[in-house]
file data_39.cif (mmCIF, C-alpha atoms)
data_query
#
loop_
_atom_site.group_PDB
_atom_site.id
_atom_site.type_symbol
_atom_site.label_atom_id
_atom_site.label_comp_id
_atom_site.auth_asym_id
_atom_site.auth_seq_id
_atom_site.Cartn_x
_atom_site.Cartn_y
_atom_site.Cartn_z
ATOM 1 C CA MET G 1 0.000 0.000 0.000
ATOM 2 C CA PRO G 2 1.993 2.983 -1.204
ATOM 3 C CA PRO G 3 3.708 4.977 0.176
ATOM 4 C CA ILE G 4 4.458 2.453 2.953
ATOM 5 C CA GLU G 5 5.166 -1.271 2.628
ATOM 6 C CA SER G 6 2.263 -2.720 4.629
ATOM 7 C CA GLY G 7 -1.137 -3.613 3.216
ATOM 8 C CA ASP G 8 -4.430 -2.127 4.435
ATOM 9 C CA VAL G 9 -7.800 -3.845 4.959
ATOM 10 C CA PRO G 10 -10.387 -1.951 2.835
ATOM 11 C CA THR G 11 -10.836 -3.094 -0.761
ATOM 12 C CA ALA G 12 -11.476 -0.931 -3.813
ATOM 13 C CA ASP G 13 -15.154 -0.083 -4.282
ATOM 14 C CA LYS G 14 -17.034 -2.482 -6.549
ATOM 15 C CA GLY G 15 -16.651 -1.506 -10.206
ATOM 16 C CA ARG G 16 -13.934 1.080 -9.502
ATOM 17 C CA PHE G 17 -10.223 1.230 -10.244
ATOM 18 C CA GLU G 18 -7.445 2.520 -8.004
ATOM 19 C CA TRP G 19 -4.286 3.489 -9.887
ATOM 20 C CA TYR G 20 -1.051 4.024 -7.975
ATOM 21 C CA VAL G 21 1.968 5.578 -9.691
ATOM 22 C CA GLY G 22 5.131 6.556 -7.883
ATOM 23 C CA THR G 23 8.910 6.697 -7.752
ATOM 24 C CA LEU G 24 10.905 4.598 -5.296
ATOM 25 C CA PHE G 25 14.545 5.128 -4.327
ATOM 26 C CA GLU G 26 16.450 2.671 -2.124
ATOM 27 C CA LYS G 27 20.083 2.909 -1.022
ATOM 28 C CA SER G 28 21.821 -0.140 0.464
ATOM 29 C CA ASP G 29 25.555 -0.841 0.822
ATOM 30 C CA GLY G 30 26.296 2.312 -1.133
ATOM 31 C CA THR G 31 24.172 1.218 -4.106
ATOM 32 C CA LEU G 32 21.182 3.297 -5.205
ATOM 33 C CA ASN G 33 18.266 1.399 -6.721
ATOM 34 C CA ARG G 34 15.595 3.342 -8.558
ATOM 35 C CA GLU G 35 12.159 2.157 -9.597
ATOM 36 C CA LEU G 36 10.821 4.680 -12.101
ATOM 37 C CA PRO G 37 7.921 4.280 -12.035
ATOM 38 C CA VAL G 38 6.260 1.831 -9.686
ATOM 39 C CA MET G 39 2.753 1.185 -11.020
ATOM 40 C CA GLU G 40 -0.133 -0.727 -9.458
ATOM 41 C CA LEU G 41 -3.681 -1.074 -10.758
ATOM 42 C CA VAL G 42 -6.436 -2.309 -8.418
ATOM 43 C CA TYR G 43 -10.006 -3.237 -9.412
ATOM 44 C CA GLY G 44 -12.953 -3.719 -7.060
ATOM 45 C CA LEU G 45 -14.490 -7.028 -8.129
ATOM 46 C CA THR G 46 -17.137 -7.104 -5.378
ATOM 47 C CA ASP G 47 -17.805 -5.094 -2.236
ATOM 48 C CA ARG G 48 -15.339 -7.414 -0.425
ATOM 49 C CA GLN G 49 -12.798 -8.488 -3.065
ATOM 50 C CA GLU G 50 -10.320 -6.710 -5.306
ATOM 51 C CA LEU G 51 -7.829 -7.747 -7.974
ATOM 52 C CA ASN G 52 -4.445 -6.108 -8.455
ATOM 53 C CA PHE G 53 -1.610 -5.926 -10.978
ATOM 54 C CA GLU G 54 1.774 -4.366 -10.224
ATOM 55 C CA ILE G 55 4.932 -3.823 -12.256
ATOM 56 C CA PRO G 56 7.993 -1.629 -11.511
ATOM 57 C CA TRP G 57 10.652 -0.269 -13.858
ATOM 58 C CA LEU G 58 14.133 -0.819 -12.400
ATOM 59 C CA SER G 59 17.278 1.229 -12.874
ATOM 60 C CA GLU G 60 20.319 -0.296 -11.168
ATOM 61 C CA HIS G 61 24.024 -0.685 -12.037
ATOM 62 C CA GLY G 62 23.331 0.659 -15.529
ATOM 63 C CA VAL G 63 20.592 -1.922 -16.150
ATOM 64 C CA HIS G 64 17.122 -0.639 -17.020
ATOM 65 C CA GLY G 65 13.897 -2.524 -17.634
ATOM 66 C CA TRP G 66 10.680 -3.970 -16.279
ATOM 67 C CA GLU G 67 10.985 -6.199 -13.218
ATOM 68 C CA ASP G 68 8.829 -9.271 -12.562
ATOM 69 C CA ALA G 69 5.119 -8.435 -12.609
ATOM 70 C CA ILE G 70 2.853 -9.217 -9.650
ATOM 71 C CA VAL G 71 -0.790 -10.287 -9.788
ATOM 72 C CA GLY G 72 -3.005 -10.868 -6.794
ATOM 73 C CA THR G 73 -6.268 -10.560 -4.965
ATOM 74 C CA LYS G 74 -7.443 -9.322 -1.557
ATOM 75 C CA TYR G 75 -10.592 -10.438 0.266
ATOM 76 C CA MET G 76 -12.102 -8.647 3.273
ATOM 77 C CA PHE G 77 -13.341 -11.302 5.703
ATOM 78 C CA VAL G 78 -14.666 -8.847 8.311
ATOM 79 C CA LYS G 79 -15.792 -5.279 7.620
ATOM 80 C CA GLU G 80 -14.787 -2.835 10.340
ATOM 81 C CA THR G 81 -17.538 -1.699 12.718
ATOM 82 C CA ASN G 82 -17.631 0.478 15.837
ATOM 83 C CA THR G 83 -16.601 -2.543 17.908
ATOM 84 C CA LEU G 84 -14.873 -4.944 15.499
ATOM 85 C CA PRO G 85 -11.656 -4.421 13.519
ATOM 86 C CA GLY G 86 -11.566 -5.022 9.795
ATOM 87 C CA ILE G 87 -9.802 -8.214 8.750
ATOM 88 C CA ALA G 88 -8.573 -9.076 5.254
ATOM 89 C CA GLY G 89 -6.291 -11.579 3.589
ATOM 90 C CA SER G 90 -4.402 -11.399 0.312
ATOM 91 C CA LEU G 91 -2.524 -13.617 -2.114
ATOM 92 C CA GLN G 92 0.044 -12.192 -4.509
ATOM 93 C CA VAL G 93 2.031 -14.093 -7.122
ATOM 94 C CA LYS G 94 5.283 -12.751 -8.586
ATOM 95 C CA LEU G 95 5.517 -13.908 -12.171
ATOM 96 C CA PRO G 96 8.814 -14.809 -13.896
ATOM 97 C CA SER G 97 8.153 -12.188 -16.561
ATOM 98 C CA ALA G 98 11.386 -10.160 -16.500
ATOM 99 C CA SER G 99 14.779 -10.869 -18.052
ATOM 100 C CA THR G 100 16.933 -13.059 -15.799
ATOM 101 C CA SER G 101 20.053 -12.615 -17.947
ATOM 102 C CA ARG G 102 19.930 -8.857 -17.308
ATOM 103 C CA GLY G 103 19.284 -9.284 -13.583
ATOM 104 C CA LEU G 104 15.749 -7.887 -13.739
ATOM 105 C CA GLY G 105 13.962 -11.045 -12.578
ATOM 106 C CA THR G 106 14.545 -14.340 -10.783
ATOM 107 C CA GLY G 107 12.950 -16.624 -13.370
ATOM 108 C CA GLU G 108 10.827 -18.193 -10.618
ATOM 109 C CA PHE G 109 7.407 -17.732 -9.057
ATOM 110 C CA ASP G 110 7.017 -16.280 -5.542
ATOM 111 C CA TYR G 111 3.784 -16.622 -3.555
ATOM 112 C CA ASN G 112 2.934 -14.102 -0.833
ATOM 113 C CA LEU G 113 0.197 -14.552 1.787
ATOM 114 C CA LEU G 114 -0.675 -11.560 3.985
ATOM 115 C CA LEU G 115 -3.152 -11.150 6.858
ATOM 116 C CA ARG G 116 -4.238 -7.579 7.646
ATOM 117 C CA VAL G 117 -6.105 -6.228 10.705
ATOM 118 C CA GLN G 118 -7.211 -2.594 10.996
ATOM 119 C CA LYS G 119 -9.186 -0.462 13.492
ATOM 120 C CA THR G 120 -10.013 3.247 13.536
ATOM 121 C CA TRP G 121 -10.849 5.429 16.552
ATOM 122 C CA GLY G 122 -11.779 8.935 15.426
ATOM 123 C CA ARG G 123 -8.751 10.408 13.682
ATOM 124 C CA TYR G 124 -6.446 7.552 14.716
ATOM 125 C CA THR G 125 -6.032 4.243 12.841
ATOM 126 C CA LEU G 126 -3.937 1.226 13.827
ATOM 127 C CA LEU G 127 -3.008 -1.428 11.250
ATOM 128 C CA GLY G 128 -1.165 -4.723 11.672
ATOM 129 C CA ASN G 129 0.240 -7.146 9.078
ATOM 130 C CA LEU G 130 1.527 -10.708 9.260
ATOM 131 C CA GLY G 131 2.779 -12.349 6.086
ATOM 132 C CA TYR G 132 4.695 -15.292 4.650
ATOM 133 C CA THR G 133 6.268 -15.579 1.195
ATOM 134 C CA PHE G 134 7.224 -18.811 -0.559
ATOM 135 C CA ILE G 135 10.369 -17.907 -2.531
ATOM 136 C CA GLY G 136 11.335 -19.694 -5.743
ATOM 137 C CA GLU G 137 15.017 -20.608 -6.057
ATOM 138 C CA PRO G 138 16.569 -18.955 -9.141
ATOM 139 C CA THR G 139 19.032 -20.697 -11.426
ATOM 140 C CA ILE G 140 22.069 -18.554 -12.283
ATOM 141 C CA ASP G 141 24.664 -19.815 -14.800
ATOM 142 C CA GLY G 142 23.207 -23.308 -14.445
ATOM 143 C CA ILE G 143 23.490 -23.298 -10.637
ATOM 144 C CA THR G 144 20.413 -23.232 -8.398
ATOM 145 C CA GLU G 145 20.766 -20.509 -5.765
ATOM 146 C CA PRO G 146 19.263 -21.474 -2.365
ATOM 147 C CA ARG G 147 16.591 -19.166 -0.976
ATOM 148 C CA ASP G 148 14.693 -19.067 2.313
ATOM 149 C CA ASN G 149 10.994 -18.362 2.598
ATOM 150 C CA VAL G 150 10.269 -14.985 4.172
ATOM 151 C CA TRP G 151 8.274 -13.866 7.233
ATOM 152 C CA PHE G 152 6.920 -10.305 7.381
ATOM 153 C CA ALA G 153 5.313 -8.430 10.286
ATOM 154 C CA SER G 154 4.478 -4.743 10.642
ATOM 155 C CA LEU G 155 2.605 -2.182 12.717
ATOM 156 C CA VAL G 156 1.296 1.046 11.170
ATOM 157 C CA GLN G 157 -0.270 4.161 12.669
ATOM 158 C CA PHE G 158 -2.298 6.781 10.771
ATOM 159 C CA TYR G 159 -3.286 10.107 12.278
ATOM 160 C CA GLU G 160 -5.469 12.681 10.520
ATOM 161 C CA ILE G 161 -3.789 15.967 11.426
ATOM 162 C CA ALA G 162 -6.173 18.073 9.314
ATOM 163 C CA GLU G 163 -9.028 17.577 6.913
ATOM 164 C CA ARG G 164 -7.799 15.405 4.009
ATOM 165 C CA THR G 165 -4.259 15.185 5.467
ATOM 166 C CA SER G 166 -2.801 12.234 7.407
ATOM 167 C CA LEU G 167 0.576 11.339 8.878
ATOM 168 C CA LEU G 168 1.761 7.720 8.643
ATOM 169 C CA GLY G 169 4.237 5.760 10.729
ATOM 170 C CA GLU G 170 5.355 2.180 10.081
ATOM 171 C CA VAL G 171 7.675 -0.280 11.831
ATOM 172 C CA LEU G 172 8.374 -3.584 10.099
ATOM 173 C CA PHE G 173 10.353 -6.802 10.477
ATOM 174 C CA GLU G 174 11.253 -9.048 7.539
ATOM 175 C CA THR G 175 13.444 -12.141 7.408
ATOM 176 C CA SER G 176 16.021 -12.437 4.630
ATOM 177 C CA ASP G 177 15.488 -14.707 1.630
ATOM 178 C CA GLU G 178 19.260 -15.266 1.327
ATOM 179 C CA PRO G 179 20.607 -17.879 3.788
ATOM 180 C CA GLY G 180 22.890 -16.256 6.343
ATOM 181 C CA ALA G 181 22.019 -12.676 5.361
ATOM 182 C CA PRO G 182 20.798 -10.295 8.096
ATOM 183 C CA ASN G 183 17.089 -9.889 8.721
ATOM 184 C CA ARG G 184 15.469 -6.498 8.261
ATOM 185 C CA PHE G 185 14.069 -4.205 10.990
ATOM 186 C CA ALA G 186 13.089 -0.832 9.570
ATOM 187 C CA THR G 187 10.761 2.139 9.758
ATOM 188 C CA ASN G 188 8.978 4.474 7.361
ATOM 189 C CA ILE G 189 7.238 7.776 8.061
ATOM 190 C CA GLY G 190 5.060 9.548 5.544
ATOM 191 C CA ILE G 191 2.252 11.909 4.684
ATOM 192 C CA GLU G 192 -0.888 11.581 2.577
ATOM 193 C CA ARG G 193 -2.884 14.504 1.193
ATOM 194 C CA GLU G 194 -6.162 14.400 -0.731
ATOM 195 C CA LEU G 195 -5.913 17.197 -3.273
ATOM 196 C CA ALA G 196 -9.288 16.560 -4.884
ATOM 197 C CA ASP G 197 -12.062 14.012 -4.788
ATOM 198 C CA ASN G 198 -10.595 10.624 -5.750
ATOM 199 C CA PHE G 199 -7.034 11.987 -6.092
ATOM 200 C CA LYS G 200 -4.331 11.761 -3.403
ATOM 201 C CA VAL G 201 -0.612 12.433 -3.270
ATOM 202 C CA HIS G 202 1.602 10.689 -0.754
ATOM 203 C CA ALA G 203 5.245 10.335 0.220
ATOM 204 C CA ALA G 204 7.376 8.458 2.746
ATOM 205 C CA ILE G 205 10.982 8.146 3.832
ATOM 206 C CA GLY G 206 12.541 5.398 5.905
ATOM 207 C CA THR G 207 15.658 3.595 7.055
ATOM 208 C CA SER G 208 16.890 0.487 8.831
ATOM 209 C CA LEU G 209 16.663 0.577 12.630
ATOM 210 C CA ARG G 210 19.534 -1.875 13.091
ATOM 211 C CA GLU G 211 23.100 -0.875 13.914
ATOM 212 C CA HIS G 212 25.022 0.151 10.791
ATOM 213 C CA GLN G 213 21.741 -0.299 8.850
ATOM 214 C CA ARG G 214 22.172 -4.095 8.814
ATOM 215 C CA GLY G 215 19.482 -5.723 6.719
ATOM 216 C CA GLY G 216 18.942 -2.387 4.943
ATOM 217 C CA PRO G 217 18.020 -0.144 3.484
ATOM 218 C CA GLU G 218 20.134 2.810 4.509
ATOM 219 C CA MET G 219 17.481 4.987 2.900
ATOM 220 C CA ARG G 220 14.077 4.364 1.317
ATOM 221 C CA ALA G 221 12.111 7.215 -0.274
ATOM 222 C CA TYR G 222 8.801 7.049 -2.142
ATOM 223 C CA ILE G 223 6.624 9.732 -3.706
ATOM 224 C CA GLY G 224 3.550 9.187 -5.827
ATOM 225 C CA PHE G 225 -0.195 9.510 -6.266
ATOM 226 C CA LYS G 226 -3.402 7.493 -6.083
ATOM 227 C CA TRP G 227 -6.281 8.082 -8.504
ATOM 228 C CA GLU G 228 -9.678 6.408 -8.181
ATOM 229 C CA PHE G 229 -12.102 6.191 -11.119
ATOM 230 C CA ASP G 230 -15.077 4.171 -12.320
ATOM 231 C CA ALA G 231 -14.557 1.306 -14.744
ATOM 232 C CA PRO G 232 -15.660 2.358 -18.281
ATOM 233 C CA TRP G 233 -18.259 -0.443 -18.408
ATOM 234 C CA LYS G 234 -19.761 0.724 -15.088
ATOM 235 C CA THR G 235 -20.111 4.269 -16.425
ATOM 236 C CA ALA G 236 -21.715 2.944 -19.620
ATOM 237 C CA LEU G 237 -24.233 0.854 -17.676
ATOM 238 C CA ASN G 238 -25.200 3.829 -15.560
#
call {"tool": "encode", "arguments": {"input": "data_39.cif", "output": "C-alpha cells"}}
result
Amino acid sequence: MPPIESGDVPTADKGRFEWYVGTLFEKSDGTLNRELPVMELVYGLTDRQELNFEIPWLSEHGVHGWEDAIVGTKYMFVKETNTLPGIAGSLQVKLPSASTSRGLGTGEFDYNLLLRVQKTWGRYTLLGNLGYTFIGEPTIDGITEPRDNVWFASLVQFYEIAERTSLLGEVLFETSDEPGAPNRFATNIGIERELADNFKVHAAIGTSLREHQRGGPEMRAYIGFKWEFDAPWKTALN
C-alpha cells in the first residue's frame, strides 16, 4: 500500500479502479536502486474483493527494464464496525516475466500470503500485518541458488492531522530470503494529502533501525499519487 510497505484492509469499491503511480529510491551498501515508475492497478471485483496488478521499472548498475510483474487478490473477511476491527487476507504471485540474464527477474514464481487487521478510533487508525512468502530458487549460470521463505510483520499508525491530510508511521520486520544474510528491521514515516475528490498524493521516507543499517536499506524514499475512477463499463451501464 503505497507509500508504505504494509497492506491495508479496505478493498477498492465495486466496479472502480485505483491506480497508484510513484517513484521509489532505495540505497543499500552504497548502491542506489531506482524504480521509475512503480505502477499498481487495483479493481474492485465485489464489495469485499479486489484484484491487483503491479509492475515496476528498475534502474540499477546501468541496467534498465521492467521487473517481474505481480498479480493478486485481496478479500475482506470482516468489515470494520464500531466494535470490530476489519480483517482481510491477500494472495500475490510474482511472475517470472522479466529478463533473468539482465538481472531484472529471478525466473521463478514467488507466492505471498498476507493477513491484515485494521481499526479506527476517530482520527487515529492502527493497522497490523503478518505475512509469509514462498520464494522460488533462481538458477544462475546453471546453478540453483538457495533461498529461504520470508516472514513479514508490521505495525502502522495513521493520524489525521487536518481535513484530508494524514501522517503515517510504520515499523516492520522481515526475514532475509538469502541464507545467512541479516534480517530487516526498519521504519517508514510519511504523509498523505487528498488534493481533490478521488485523487491523493503521498510520500514516505525510511531507514533500517539496526546498527550500521544491517538488513537495509540505509534509505528508502517514495513519492507518488493514487487516482480512483469508475470502470468504463460501469459508467456505460449507468
call {"tool": "resolve_selection", "arguments": {"input": "data_39.cif", "expression": "the PyMOL selection byres ((chain G and resi 32-46) around 8)", "output": "MDAnalysis selection string"}}
result
chainID G and resid 11:28 30:31 47:60
call {"tool": "closest_residue", "arguments": {"input": "data_39.cif", "among": "G:Gly206, G:Pro2, G:Gly180, G:Gly142", "to": "Met219 of chain G", "atoms": "only C-alpha atoms"}}
result
G:Gly206
call {"tool": "residues_around", "arguments": {"input": "data_39.cif", "residues": "segment 125-140 of chain G", "least_positions_apart": "5", "cutoff": "8 Å", "atoms": "only C-alpha atoms", "output": "MDAnalysis selection string"}}
result
chainID G and resid 6:8 106:120 145:159 177
call {"tool": "write_last_selection", "arguments": {"input": "data_39.cif", "atoms": "C-alpha atoms", "output": "PDB file, in the coordinates of the input"}}
result
ATOM      1  CA  SER G   6       2.263  -2.720   4.629  1.00  0.00           C
ATOM      2  CA  GLY G   7      -1.137  -3.613   3.216  1.00  0.00           C
ATOM      3  CA  ASP G   8      -4.430  -2.127   4.435  1.00  0.00           C
ATOM      4  CA  THR G 106      14.545 -14.340 -10.783  1.00  0.00           C
ATOM      5  CA  GLY G 107      12.950 -16.624 -13.370  1.00  0.00           C
ATOM      6  CA  GLU G 108      10.827 -18.193 -10.618  1.00  0.00           C
ATOM      7  CA  PHE G 109       7.407 -17.732  -9.057  1.00  0.00           C
ATOM      8  CA  ASP G 110       7.017 -16.280  -5.542  1.00  0.00           C
ATOM      9  CA  TYR G 111       3.784 -16.622  -3.555  1.00  0.00           C
ATOM     10  CA  ASN G 112       2.934 -14.102  -0.833  1.00  0.00           C
ATOM     11  CA  LEU G 113       0.197 -14.552   1.787  1.00  0.00           C
ATOM     12  CA  LEU G 114      -0.675 -11.560   3.985  1.00  0.00           C
ATOM     13  CA  LEU G 115      -3.152 -11.150   6.858  1.00  0.00           C
ATOM     14  CA  ARG G 116      -4.238  -7.579   7.646  1.00  0.00           C
ATOM     15  CA  VAL G 117      -6.105  -6.228  10.705  1.00  0.00           C
ATOM     16  CA  GLN G 118      -7.211  -2.594  10.996  1.00  0.00           C
ATOM     17  CA  LYS G 119      -9.186  -0.462  13.492  1.00  0.00           C
ATOM     18  CA  THR G 120     -10.013   3.247  13.536  1.00  0.00           C
ATOM     19  CA  GLU G 145      20.766 -20.509  -5.765  1.00  0.00           C
ATOM     20  CA  PRO G 146      19.263 -21.474  -2.365  1.00  0.00           C
ATOM     21  CA  ARG G 147      16.591 -19.166  -0.976  1.00  0.00           C
ATOM     22  CA  ASP G 148      14.693 -19.067   2.313  1.00  0.00           C
ATOM     23  CA  ASN G 149      10.994 -18.362   2.598  1.00  0.00           C
ATOM     24  CA  VAL G 150      10.269 -14.985   4.172  1.00  0.00           C
ATOM     25  CA  TRP G 151       8.274 -13.866   7.233  1.00  0.00           C
ATOM     26  CA  PHE G 152       6.920 -10.305   7.381  1.00  0.00           C
ATOM     27  CA  ALA G 153       5.313  -8.430  10.286  1.00  0.00           C
ATOM     28  CA  SER G 154       4.478  -4.743  10.642  1.00  0.00           C
ATOM     29  CA  LEU G 155       2.605  -2.182  12.717  1.00  0.00           C
ATOM     30  CA  VAL G 156       1.296   1.046  11.170  1.00  0.00           C
ATOM     31  CA  GLN G 157      -0.270   4.161  12.669  1.00  0.00           C
ATOM     32  CA  PHE G 158      -2.298   6.781  10.771  1.00  0.00           C
ATOM     33  CA  TYR G 159      -3.286  10.107  12.278  1.00  0.00           C
ATOM     34  CA  ASP G 177      15.488 -14.707   1.630  1.00  0.00           C
TER      35      ASP G 177
END
call {"tool": "axis_aligned_box", "arguments": {"input": "data_39.cif", "around": "segment 183-199 of chain G", "padding_each_side": "5 Å", "output": "AutoDock Vina command-line options"}}
result
--center_x 2.5 --center_y 3.7 --center_z 2.4 --size_x 39.2 --size_y 37.1 --size_z 27.1
call {"tool": "resolve_selection", "arguments": {"input": "data_39.cif", "expression": "the PyMOL selection byres ((chain G and resi 208) around 12)", "output": "ChimeraX atom specification"}}
result
/G:26-29,170-174,182-188,205-207,209-220
call {"tool": "resolve_selection", "arguments": {"input": "data_39.cif", "expression": "the PyMOL selection byres ((chain G and resi 66) around 9)", "output": "ChimeraX atom specification"}}
result
/G:55-58,64-65,67-69,97-99,104-105
call {"tool": "atom_distance", "arguments": {"input": "data_39.cif", "atom1": "atom CA of Val71 of chain G", "atom2": "atom CA of Pro10 of chain G"}}
result
17.9 Å
call {"tool": "atom_distance", "arguments": {"input": "data_39.cif", "atom1": "atom CA of Tyr222 of chain G", "atom2": "atom CA of Glu194 of chain G"}}
result
16.7 Å
call {"tool": "closest_atom_pairs", "arguments": {"input": "data_39.cif", "of": "segment 109-170 of chain G", "to": "segment 189-192 of chain G", "cutoff": "8 Å", "atoms": "all atoms listed in the file", "output": "tab-separated table"}}
result
residue	atom	partner	partner_atom	distance
G:Thr165	CA	G:Glu192	CA	5.7
G:Ser166	CA	G:Glu192	CA	5.2
G:Leu167	CA	G:Ile191	CA	4.6
G:Leu168	CA	G:Gly190	CA	4.9
G:Gly169	CA	G:Ile189	CA	4.5
G:Glu170	CA	G:Ile189	CA	6.2
call {"tool": "atom_distance", "arguments": {"input": "data_39.cif", "atom1": "atom CA of Ile70 of chain G", "atom2": "atom CA of Ser90 of chain G"}}
result
12.5 Å
call {"tool": "closest_residue", "arguments": {"input": "data_39.cif", "among": "G:Ala204, G:Ala196, G:Ile87, G:Ala221", "to": "Tyr75 of chain G", "atoms": "only C-alpha atoms"}}
result
G:Ile87
call {"tool": "residues_around", "arguments": {"input": "data_39.cif", "residues": "His202 of chain G", "least_positions_apart": "2", "cutoff": "7 Å", "atoms": "all atoms listed in the file", "output": "ChimeraX atom specification"}}
result
/G:3,191-193,200,223-225
call {"tool": "write_last_selection", "arguments": {"input": "data_39.cif", "atoms": "C-alpha atoms", "output": "PDB file, in the coordinates of the input"}}
result
ATOM      1  CA  PRO G   3       3.708   4.977   0.176  1.00  0.00           C
ATOM      2  CA  ILE G 191       2.252  11.909   4.684  1.00  0.00           C
ATOM      3  CA  GLU G 192      -0.888  11.581   2.577  1.00  0.00           C
ATOM      4  CA  ARG G 193      -2.884  14.504   1.193  1.00  0.00           C
ATOM      5  CA  LYS G 200      -4.331  11.761  -3.403  1.00  0.00           C
ATOM      6  CA  ILE G 223       6.624   9.732  -3.706  1.00  0.00           C
ATOM      7  CA  GLY G 224       3.550   9.187  -5.827  1.00  0.00           C
ATOM      8  CA  PHE G 225      -0.195   9.510  -6.266  1.00  0.00           C
TER       9      PHE G 225
END
call {"tool": "closest_residue", "arguments": {"input": "data_39.cif", "among": "G:Gly103, G:Glu163, G:Trp227, G:Asn198", "to": "Gly62 of chain G", "atoms": "all atoms listed in the file"}}
result
G:Gly103
call {"tool": "closest_residue", "arguments": {"input": "data_39.cif", "among": "G:Glu178, G:Glu5, G:Asp197, G:Asp141", "to": "Arg164 of chain G", "atoms": "all atoms listed in the file"}}
result
G:Asp197
